[in-house]
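> Handing over input11.cif, mmCIF, C-alpha atoms.
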data_structure
#
loop_
_atom_site.group_PDB
_atom_site.id
_atom_site.type_symbol
_atom_site.label_atom_id
_atom_site.label_comp_id
_atom_site.auth_asym_id
_atom_site.auth_seq_id
_atom_site.Cartn_x
_atom_site.Cartn_y
_atom_site.Cartn_z
ATOM 1 C CA SER A 1 -200.768 93.011 142.297
ATOM 2 C CA LEU A 2 -203.356 95.000 144.158
ATOM 3 C CA ASP A 3 -203.410 95.304 147.937
ATOM 4 C CA ALA A 4 -203.741 97.697 150.863
ATOM 5 C CA SER A 5 -201.957 98.092 154.159
ATOM 6 C CA VAL A 6 -202.331 100.318 157.200
ATOM 7 C CA ILE A 7 -199.393 102.591 157.962
ATOM 8 C CA GLU A 8 -199.455 103.393 161.660
ATOM 9 C CA LEU A 9 -199.188 107.055 162.609
ATOM 10 C CA SER A 10 -198.782 108.826 165.908
ATOM 11 C CA LEU A 11 -202.101 110.330 167.005
ATOM 12 C CA ARG A 12 -200.175 113.085 168.809
ATOM 13 C CA ILE A 13 -198.556 114.186 165.537
ATOM 14 C CA PHE A 14 -201.440 113.270 163.209
ATOM 15 C CA PRO A 15 -204.685 113.685 165.203
ATOM 16 C CA TRP A 16 -206.765 113.457 161.993
ATOM 17 C CA ALA A 17 -205.575 109.858 161.456
ATOM 18 C CA LYS A 18 -207.673 108.150 164.135
ATOM 19 C CA TYR A 19 -207.753 104.483 163.152
ATOM 20 C CA LEU A 20 -208.577 102.629 166.353
ATOM 21 C CA HIS A 21 -209.432 104.042 169.768
ATOM 22 C CA THR A 22 -205.799 104.516 170.735
ATOM 23 C CA LYS A 23 -204.008 104.218 167.386
ATOM 24 C CA GLY A 24 -203.603 106.382 164.349
ATOM 25 C CA GLY A 25 -203.121 105.211 160.805
ATOM 26 C CA MET A 26 -203.783 105.672 157.148
ATOM 27 C CA LYS A 27 -204.312 102.994 154.550
ATOM 28 C CA VAL A 28 -202.213 102.813 151.405
ATOM 29 C CA HIS A 29 -204.028 101.102 148.511
ATOM 30 C CA LEU A 30 -201.424 100.151 145.944
ATOM 31 C CA SER A 31 -201.082 98.574 142.532
ATOM 32 C CA LEU A 32 -197.621 97.056 142.078
ATOM 33 C CA ASP A 33 -196.347 96.543 138.523
ATOM 34 C CA HIS A 34 -194.364 93.306 138.496
ATOM 35 C CA SER A 35 -192.278 94.229 135.461
ATOM 36 C CA GLY A 36 -190.129 96.422 137.719
ATOM 37 C CA TYR A 37 -191.734 96.019 141.150
ATOM 38 C CA ILE A 38 -192.665 99.690 141.080
ATOM 39 C CA PRO A 39 -196.072 100.998 142.156
ATOM 40 C CA SER A 40 -198.172 101.972 139.159
ATOM 41 C CA PHE A 41 -200.607 103.944 141.320
ATOM 42 C CA ALA A 42 -201.591 104.444 144.929
ATOM 43 C CA VAL A 43 -204.508 105.883 146.892
ATOM 44 C CA LEU A 44 -204.291 107.037 150.512
ATOM 45 C CA THR A 45 -207.412 106.748 152.680
ATOM 46 C CA ASP A 46 -208.248 106.692 156.350
ATOM 47 C CA GLY A 47 -207.236 103.470 158.067
ATOM 48 C CA CYS A 48 -210.754 102.019 158.205
ATOM 49 C CA LYS A 49 -211.517 102.188 154.466
ATOM 50 C CA ASN A 50 -212.427 98.854 152.875
ATOM 51 C CA GLU A 51 -210.213 97.667 150.001
ATOM 52 C CA ALA A 52 -212.905 96.626 147.501
ATOM 53 C CA PRO A 53 -214.449 100.073 146.802
ATOM 54 C CA VAL A 54 -210.994 101.587 146.304
ATOM 55 C CA GLY A 55 -209.906 98.703 144.050
ATOM 56 C CA ARG A 56 -212.890 99.346 141.797
ATOM 57 C CA GLN A 57 -211.565 102.881 141.190
ATOM 58 C CA PHE A 58 -208.304 101.693 139.613
ATOM 59 C CA ASP A 59 -208.356 101.759 135.825
ATOM 60 C CA PHE A 60 -206.464 98.796 134.376
ATOM 61 C CA PRO A 61 -205.827 98.548 130.634
ATOM 62 C CA PRO A 62 -207.458 95.665 128.739
ATOM 63 C CA GLY A 63 -205.240 92.573 128.765
ATOM 64 C CA SER A 64 -203.888 93.305 132.256
ATOM 65 C CA VAL A 65 -203.658 90.487 134.785
ATOM 66 C CA VAL A 66 -204.572 91.803 138.236
ATOM 67 C CA VAL A 67 -203.858 89.651 141.292
ATOM 68 C CA PHE A 68 -205.477 90.424 144.636
ATOM 69 C CA ASP A 69 -206.489 88.748 147.885
ATOM 70 C CA ARG A 70 -209.951 87.961 149.270
ATOM 71 C CA GLY A 71 -210.314 91.483 150.684
ATOM 72 C CA TYR A 72 -211.351 92.544 147.179
ATOM 73 C CA THR A 73 -214.169 90.032 146.832
ATOM 74 C CA ASP A 74 -216.887 91.681 144.779
ATOM 75 C CA TYR A 75 -218.582 89.407 142.241
ATOM 76 C CA LEU A 76 -220.059 92.257 140.227
ATOM 77 C CA TRP A 77 -216.564 93.782 139.959
ATOM 78 C CA TYR A 78 -215.291 90.421 138.673
ATOM 79 C CA LYS A 79 -218.013 90.590 136.025
ATOM 80 C CA SER A 80 -217.013 94.136 135.109
ATOM 81 C CA LEU A 81 -213.322 93.225 134.837
ATOM 82 C CA THR A 82 -214.199 90.293 132.589
ATOM 83 C CA HIS A 83 -216.362 92.431 130.292
ATOM 84 C CA ARG A 84 -213.573 95.028 130.014
ATOM 85 C CA GLY A 85 -211.014 92.376 128.989
ATOM 86 C CA ILE A 86 -209.068 92.527 132.259
ATOM 87 C CA TYR A 87 -207.927 89.226 133.746
ATOM 88 C CA PHE A 88 -207.814 88.610 137.477
ATOM 89 C CA VAL A 89 -206.527 85.981 139.892
ATOM 90 C CA THR A 90 -207.744 85.857 143.472
ATOM 91 C CA ARG A 91 -208.545 83.323 146.170
ATOM 92 C CA LEU A 92 -212.029 81.934 146.437
ATOM 93 C CA ARG A 93 -213.812 82.484 149.729
ATOM 94 C CA LYS A 94 -214.648 79.319 151.628
ATOM 95 C CA ASN A 95 -218.358 80.167 151.732
ATOM 96 C CA ALA A 96 -218.615 80.951 147.998
ATOM 97 C CA ARG A 97 -221.416 79.154 146.193
ATOM 98 C CA TYR A 98 -220.879 77.914 142.679
ATOM 99 C CA THR A 99 -221.842 75.254 140.179
ATOM 100 C CA VAL A 100 -219.154 73.163 138.490
ATOM 101 C CA LEU A 101 -219.733 73.033 134.736
ATOM 102 C CA GLU A 102 -216.532 71.326 133.566
ATOM 103 C CA ARG A 103 -213.572 69.507 135.108
ATOM 104 C CA ARG A 104 -210.124 69.315 133.506
ATOM 105 C CA ARG A 105 -207.359 66.831 134.284
ATOM 106 C CA VAL A 106 -204.461 68.132 136.348
ATOM 107 C CA ASP A 107 -200.952 66.904 137.039
ATOM 108 C CA ARG A 108 -201.129 66.230 140.771
ATOM 109 C CA ARG A 109 -197.339 65.859 140.926
ATOM 110 C CA SER A 110 -197.089 69.606 140.211
ATOM 111 C CA GLY A 111 -199.249 70.448 143.241
ATOM 112 C CA LEU A 112 -202.450 71.050 141.288
ATOM 113 C CA THR A 113 -205.564 69.487 142.793
ATOM 114 C CA SER A 114 -208.308 70.775 140.484
ATOM 115 C CA ASP A 115 -209.028 72.859 137.401
ATOM 116 C CA GLN A 116 -212.717 73.524 136.829
ATOM 117 C CA THR A 117 -215.016 75.847 134.941
ATOM 118 C CA ILE A 118 -217.611 77.226 137.339
ATOM 119 C CA ARG A 119 -220.453 79.713 137.571
ATOM 120 C CA LEU A 120 -220.841 81.646 140.802
ATOM 121 C CA THR A 121 -224.303 81.315 142.320
ATOM 122 C CA GLY A 122 -225.940 82.352 145.543
ATOM 123 C CA PRO A 123 -228.750 84.628 146.637
ATOM 124 C CA GLN A 124 -226.862 87.874 145.927
ATOM 125 C CA LEU A 125 -226.390 86.809 142.286
ATOM 126 C CA ARG A 126 -229.981 85.832 141.516
ATOM 127 C CA GLY A 127 -230.875 87.320 138.148
ATOM 128 C CA VAL A 128 -227.255 88.332 137.422
ATOM 129 C CA ASP A 129 -225.720 86.891 134.264
ATOM 130 C CA MET A 130 -222.311 86.016 135.705
ATOM 131 C CA PRO A 131 -219.498 85.043 133.343
ATOM 132 C CA LEU A 132 -217.943 81.599 133.538
ATOM 133 C CA LEU A 133 -214.926 81.526 135.819
ATOM 134 C CA ARG A 134 -212.156 79.114 136.585
ATOM 135 C CA HIS A 135 -211.576 77.340 139.904
ATOM 136 C CA VAL A 136 -207.965 76.152 140.340
ATOM 137 C CA GLY A 137 -206.879 74.122 143.378
ATOM 138 C CA TYR A 138 -203.230 73.985 144.388
ATOM 139 C CA ARG A 139 -201.373 72.389 147.311
ATOM 140 C CA ASP A 140 -198.065 74.055 148.122
ATOM 141 C CA PRO A 141 -195.508 71.232 148.336
ATOM 142 C CA GLU A 142 -193.368 73.186 150.835
ATOM 143 C CA THR A 143 -196.076 74.064 153.363
ATOM 144 C CA GLY A 144 -198.787 71.537 152.534
ATOM 145 C CA LYS A 145 -201.323 74.394 152.532
ATOM 146 C CA HIS A 146 -204.184 74.106 150.040
ATOM 147 C CA TYR A 147 -205.237 77.154 148.021
ATOM 148 C CA VAL A 148 -208.264 77.623 145.793
ATOM 149 C CA PHE A 149 -207.931 80.322 143.146
ATOM 150 C CA LEU A 150 -210.634 82.036 141.134
ATOM 151 C CA THR A 151 -209.822 83.545 137.749
ATOM 152 C CA ASN A 152 -211.234 84.503 134.406
ATOM 153 C CA ALA A 153 -207.919 83.693 132.656
ATOM 154 C CA PHE A 154 -208.792 80.543 130.728
ATOM 155 C CA HIS A 155 -205.842 81.126 128.365
ATOM 156 C CA LEU A 156 -203.240 80.485 131.101
ATOM 157 C CA SER A 157 -202.248 77.103 132.475
ATOM 158 C CA ALA A 158 -203.494 76.125 135.924
ATOM 159 C CA ARG A 159 -199.897 76.063 137.149
ATOM 160 C CA THR A 160 -199.375 79.634 135.890
ATOM 161 C CA ILE A 161 -202.450 80.760 137.837
ATOM 162 C CA ALA A 162 -200.912 79.349 141.036
ATOM 163 C CA GLU A 163 -197.553 80.976 140.256
ATOM 164 C CA LEU A 164 -199.191 84.349 139.608
ATOM 165 C CA TYR A 165 -200.836 84.275 143.007
ATOM 166 C CA LYS A 166 -197.564 83.276 144.653
ATOM 167 C CA GLU A 167 -195.915 86.287 142.966
ATOM 168 C CA ARG A 168 -198.497 88.487 144.721
ATOM 169 C CA TRP A 169 -196.310 88.095 147.811
ATOM 170 C CA GLN A 170 -194.052 90.804 146.311
ATOM 171 C CA ILE A 171 -196.592 93.477 147.209
ATOM 172 C CA GLU A 172 -196.517 92.267 150.821
ATOM 173 C CA LEU A 173 -192.724 92.604 150.766
ATOM 174 C CA PHE A 174 -193.078 96.089 149.306
ATOM 175 C CA PHE A 175 -195.361 97.141 152.178
ATOM 176 C CA LYS A 176 -192.907 95.614 154.662
ATOM 177 C CA TRP A 177 -190.083 97.637 153.088
ATOM 178 C CA ILE A 178 -192.136 100.852 153.305
ATOM 179 C CA LYS A 179 -192.905 100.269 156.977
ATOM 180 C CA GLN A 180 -189.293 99.433 157.848
ATOM 181 C CA ASN A 181 -187.673 102.283 155.932
ATOM 182 C CA LEU A 182 -190.135 105.161 156.118
ATOM 183 C CA LYS A 183 -190.377 106.165 159.751
ATOM 184 C CA ILE A 184 -193.704 107.951 159.397
ATOM 185 C CA LYS A 185 -194.761 107.103 162.951
ATOM 186 C CA ALA A 186 -191.882 109.127 164.388
#
Just give me the structure of the file as structure tokens.

Amino acid sequence: SLDASVIELSLRIFPWAKYLHTKGGMKVHLSLDHSGYIPSFAVLTDGCKNEAPVGRQFDFPPGSVVVFDRGYTDYLWYKSLTHRGIYFVTRLRKNARYTVLERRRVDRRSGLTSDQTIRLTGPQLRGVDMPLLRHVGYRDPETGKHYVFLTNAFHLSARTIAELYKERWQIELFFKWIKQNLKIKA
């Protein structure tokens, strides 16, 4: 999983860490390896740094499956990951434009609502040869919330795609643990 979180800092102690007008903070950009829930690498930046440019710096080995949220939306990065043999799972932005090329049957009893092959379109992609991607819809039976995932992992089942994204929550728990146990502010 790949994500970033702001760690609040006292501006009196760390005046270089100005994040907002009255708050200090730094951002921790982290890749969490799910085989042991241990960070595989981290980058520290000022609190205002956007996630996507930092995410592009991480070097994942071919065959990796990287899961990240919509803060990392960068279609050309998705293309680069695909060409390097790196799989990704993310959520599709609501305003994303795409063309559906193929629809596959899904077992709606398992929460799946769609499984489609798509090509991203839109003005920013004119003239760009984008790879085919997969659009997977899933309704969480516990919350009723509907999620739409975007991936280049055609070799995994649609249900596995949804489970991979759900597992991304572990990085959120890791950040929560850091903030509760490392009293950096004080």
> How would you write, as a list in words, the residues chosen by the PyMOL selection byres ((chain A and resi 73-83) around 8) on this structure?
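Here the PyMOL selection byres ((chain A and resi 73-83) around 8) matches Ala52, Arg56, Asp69, Arg70, Gly71, Tyr72, Arg84, Gly85, Ile86, Tyr87, Phe88, Met130, Pro131 and Asn152 of chain A.
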> Find the residue from A:Ile118, A:Leu112, A:Leu125, A:Ile171 that sits nearest to Lys145 of chain A; use all atoms listed in the file when measuring.
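Ranking A:Ile118, A:Leu112, A:Leu125, A:Ile171 by distance to Lys145 of chain A, first place goes to A:Leu112.
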> At what distance in Å, to one decimal, does atom CA of Gly47 of chain A lie from atom CA of Trp16 of chain A?
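A separation of 10.7 Å between them.
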> As a list in words, please: the residues near Ser157 of chain A (cut-off 12 Å, all atoms listed in the file, same-chain neighbours under 2 positions excluded).
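The residues that qualify are Arg104, Arg105, Val106, Asp107, Ser110, Leu112, Ser114, Asp115, Gln116, Arg134, His135, Val136, Thr151, Asn152, Ala153, Phe154, His155, Arg159, Thr160, Ile161, Ala162, Glu163 and Leu164 of chain A.
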> Take atom CA of Lys179 of chain A and atom CA of Leu30 of chain A and report the distance between them in Å, one decimal.
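Distance between the two atoms: 13.9 Å.
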> Expand the PyMOL selection byres ((chain A and resi 1) around 10) into the explicit residue set it covers here, and present it as a list of chain:residue names.
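After applying the PyMOL selection byres ((chain A and resi 1) around 10), what remains is A:Leu2, A:Asp3, A:Leu30, A:Ser31, A:Leu32, A:Asp33, A:His34, A:Tyr37, A:Pro39, A:Ser40, A:Val65, A:Val66, A:Val67, A:Phe68, A:Asp69, A:Phe88, A:Val89, A:Leu164, A:Tyr165, A:Glu167, A:Arg168, A:Trp169, A:Gln170, A:Ile171, A:Glu172.
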> Which one is closest to Thr121 of chain A: A:Thr99, A:Leu133, A:Glu142, A:Phe60? Count only C-alpha atoms.
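Result for the nearest residue to Thr121 of chain A: A:Thr99.
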> Of the candidates A:Ser35, A:Ser5, A:Thr117, A:Thr143, which shows the shortest atom-to-atom distance to Lys176 of chain A, using all atoms listed in the file?
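Among the listed residues, the smallest separation from Lys176 of chain A belongs to A:Ser5.
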> Which of these residues is nearest to Leu44 of chain A, using all atoms listed in the file: A:Val6, A:Tyr19, A:Ile13, A:Phe58?
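Closest residue, counting all atoms listed in the file: A:Val6.
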> For the atom pair atom CA of Pro61 of chain A and atom CA of Leu156 of chain A, what is the interatomic distance in Å to one decimal place?
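Taking atom CA of Pro61 of chain A and atom CA of Leu156 of chain A, their separation equals 18.3 Å.
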> Tell me which protein, DNA and RNA residues are within 6 Å of Tyr138 of chain A, counting only C-alpha atoms, leaving out same-chain ones fewer than 4 positions away, and put them as number ranges by chain.
A: 111-113, 146-147
> Print the selection's residues with C-alpha atoms to a file, as a PDB file, in the frame of the given file.

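As written to disk, out_26.pdb reads:
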ATOM      1  CA  GLY A 111    -199.249  70.448 143.241  1.00  0.00           C
ATOM      2  CA  LEU A 112    -202.450  71.050 141.288  1.00  0.00           C
ATOM      3  CA  THR A 113    -205.564  69.487 142.793  1.00  0.00           C
ATOM      4  CA  HIS A 146    -204.184  74.106 150.040  1.00  0.00           C
ATOM      5  CA  TYR A 147    -205.237  77.154 148.021  1.00  0.00           C
TER       6      TYR A 147
END
> Once the PyMOL selection byres ((chain A and resi 94) around 12) has been applied to the shown file, what residues remain in the selection, as an NGL selection string?
:A and (70 or 73 or 91-93 or 95-98 or 146-150)
> With all atoms listed in the file as the basis for distance, which of A:Val54, A:Met26, A:Ile38, A:Leu132 is at the shortest distance from Glu102 of chain A?
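Comparing A:Val54, A:Met26, A:Ile38, A:Leu132 against Glu102 of chain A, the winner is A:Leu132.
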> Using the file's own x, y and z axes, so that the box edges lie along x, y and z, what centre and edge lengths in Å (one decimal) does a box around every listed atom of segment 40-59 of chain A get when 5 Å is added on each side? Give it as AutoDock Vina command-line options.

--center_x -206.3 --center_y 101.8 --center_z 147.0 --size_x 26.3 --size_y 20.4 --size_z 32.4
> Find the spatial neighbours of Glu8 of chain A, counting only C-alpha atoms, within a cut-off of 12 Å - ignore same-chain residues fewer than 5 positions away - and output them as a ChimeraX atom specification.
/A:13-14,17-20,22-28,46-48,178-180,182-186
> Taking the partial coordinates given, rebuild segment 38-50 of chain A to contain N, CA and C atoms; return it as a short mmCIF file (atom, residue, chain, number, x, y, z; two decimals), in the frame of the given file.

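Contents of the output file result_4.cif:
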data_model
loop_
_atom_site.label_atom_id
_atom_site.label_comp_id
_atom_site.auth_asym_id
_atom_site.auth_seq_id
_atom_site.Cartn_x
_atom_site.Cartn_y
_atom_site.Cartn_z
N ILE A 38 -192.46 98.28 140.79
CA ILE A 38 -192.66 99.69 141.08
C ILE A 38 -194.17 99.93 141.13
N PRO A 39 -194.64 100.71 142.11
CA PRO A 39 -196.07 101.00 142.16
C PRO A 39 -196.53 101.73 140.89
N SER A 40 -197.64 101.28 140.32
CA SER A 40 -198.17 101.97 139.16
C SER A 40 -199.14 103.06 139.60
N PHE A 41 -199.82 102.88 140.72
CA PHE A 41 -200.61 103.94 141.32
C PHE A 41 -200.95 103.58 142.75
N ALA A 42 -201.27 104.63 143.52
CA ALA A 42 -201.59 104.44 144.93
C ALA A 42 -202.69 105.42 145.32
N VAL A 43 -203.47 105.03 146.32
CA VAL A 43 -204.51 105.88 146.89
C VAL A 43 -204.33 105.83 148.40
N LEU A 44 -204.38 106.96 149.05
CA LEU A 44 -204.29 107.04 150.51
C LEU A 44 -205.68 107.33 151.06
N THR A 45 -206.11 106.54 152.05
CA THR A 45 -207.41 106.75 152.68
C THR A 45 -207.24 106.67 154.19
N ASP A 46 -208.32 106.91 154.91
CA ASP A 46 -208.25 106.69 156.35
C ASP A 46 -208.08 105.20 156.60
N GLY A 47 -207.60 104.85 157.77
CA GLY A 47 -207.24 103.47 158.07
C GLY A 47 -208.36 102.47 158.05
N CYS A 48 -209.60 102.93 158.15
CA CYS A 48 -210.75 102.02 158.21
C CYS A 48 -211.37 101.72 156.84
N LYS A 49 -210.89 102.33 155.79
CA LYS A 49 -211.52 102.19 154.47
C LYS A 49 -211.35 100.77 153.94
N ASN A 50 -212.44 100.20 153.45
CA ASN A 50 -212.43 98.85 152.88
C ASN A 50 -211.70 98.85 151.54
#
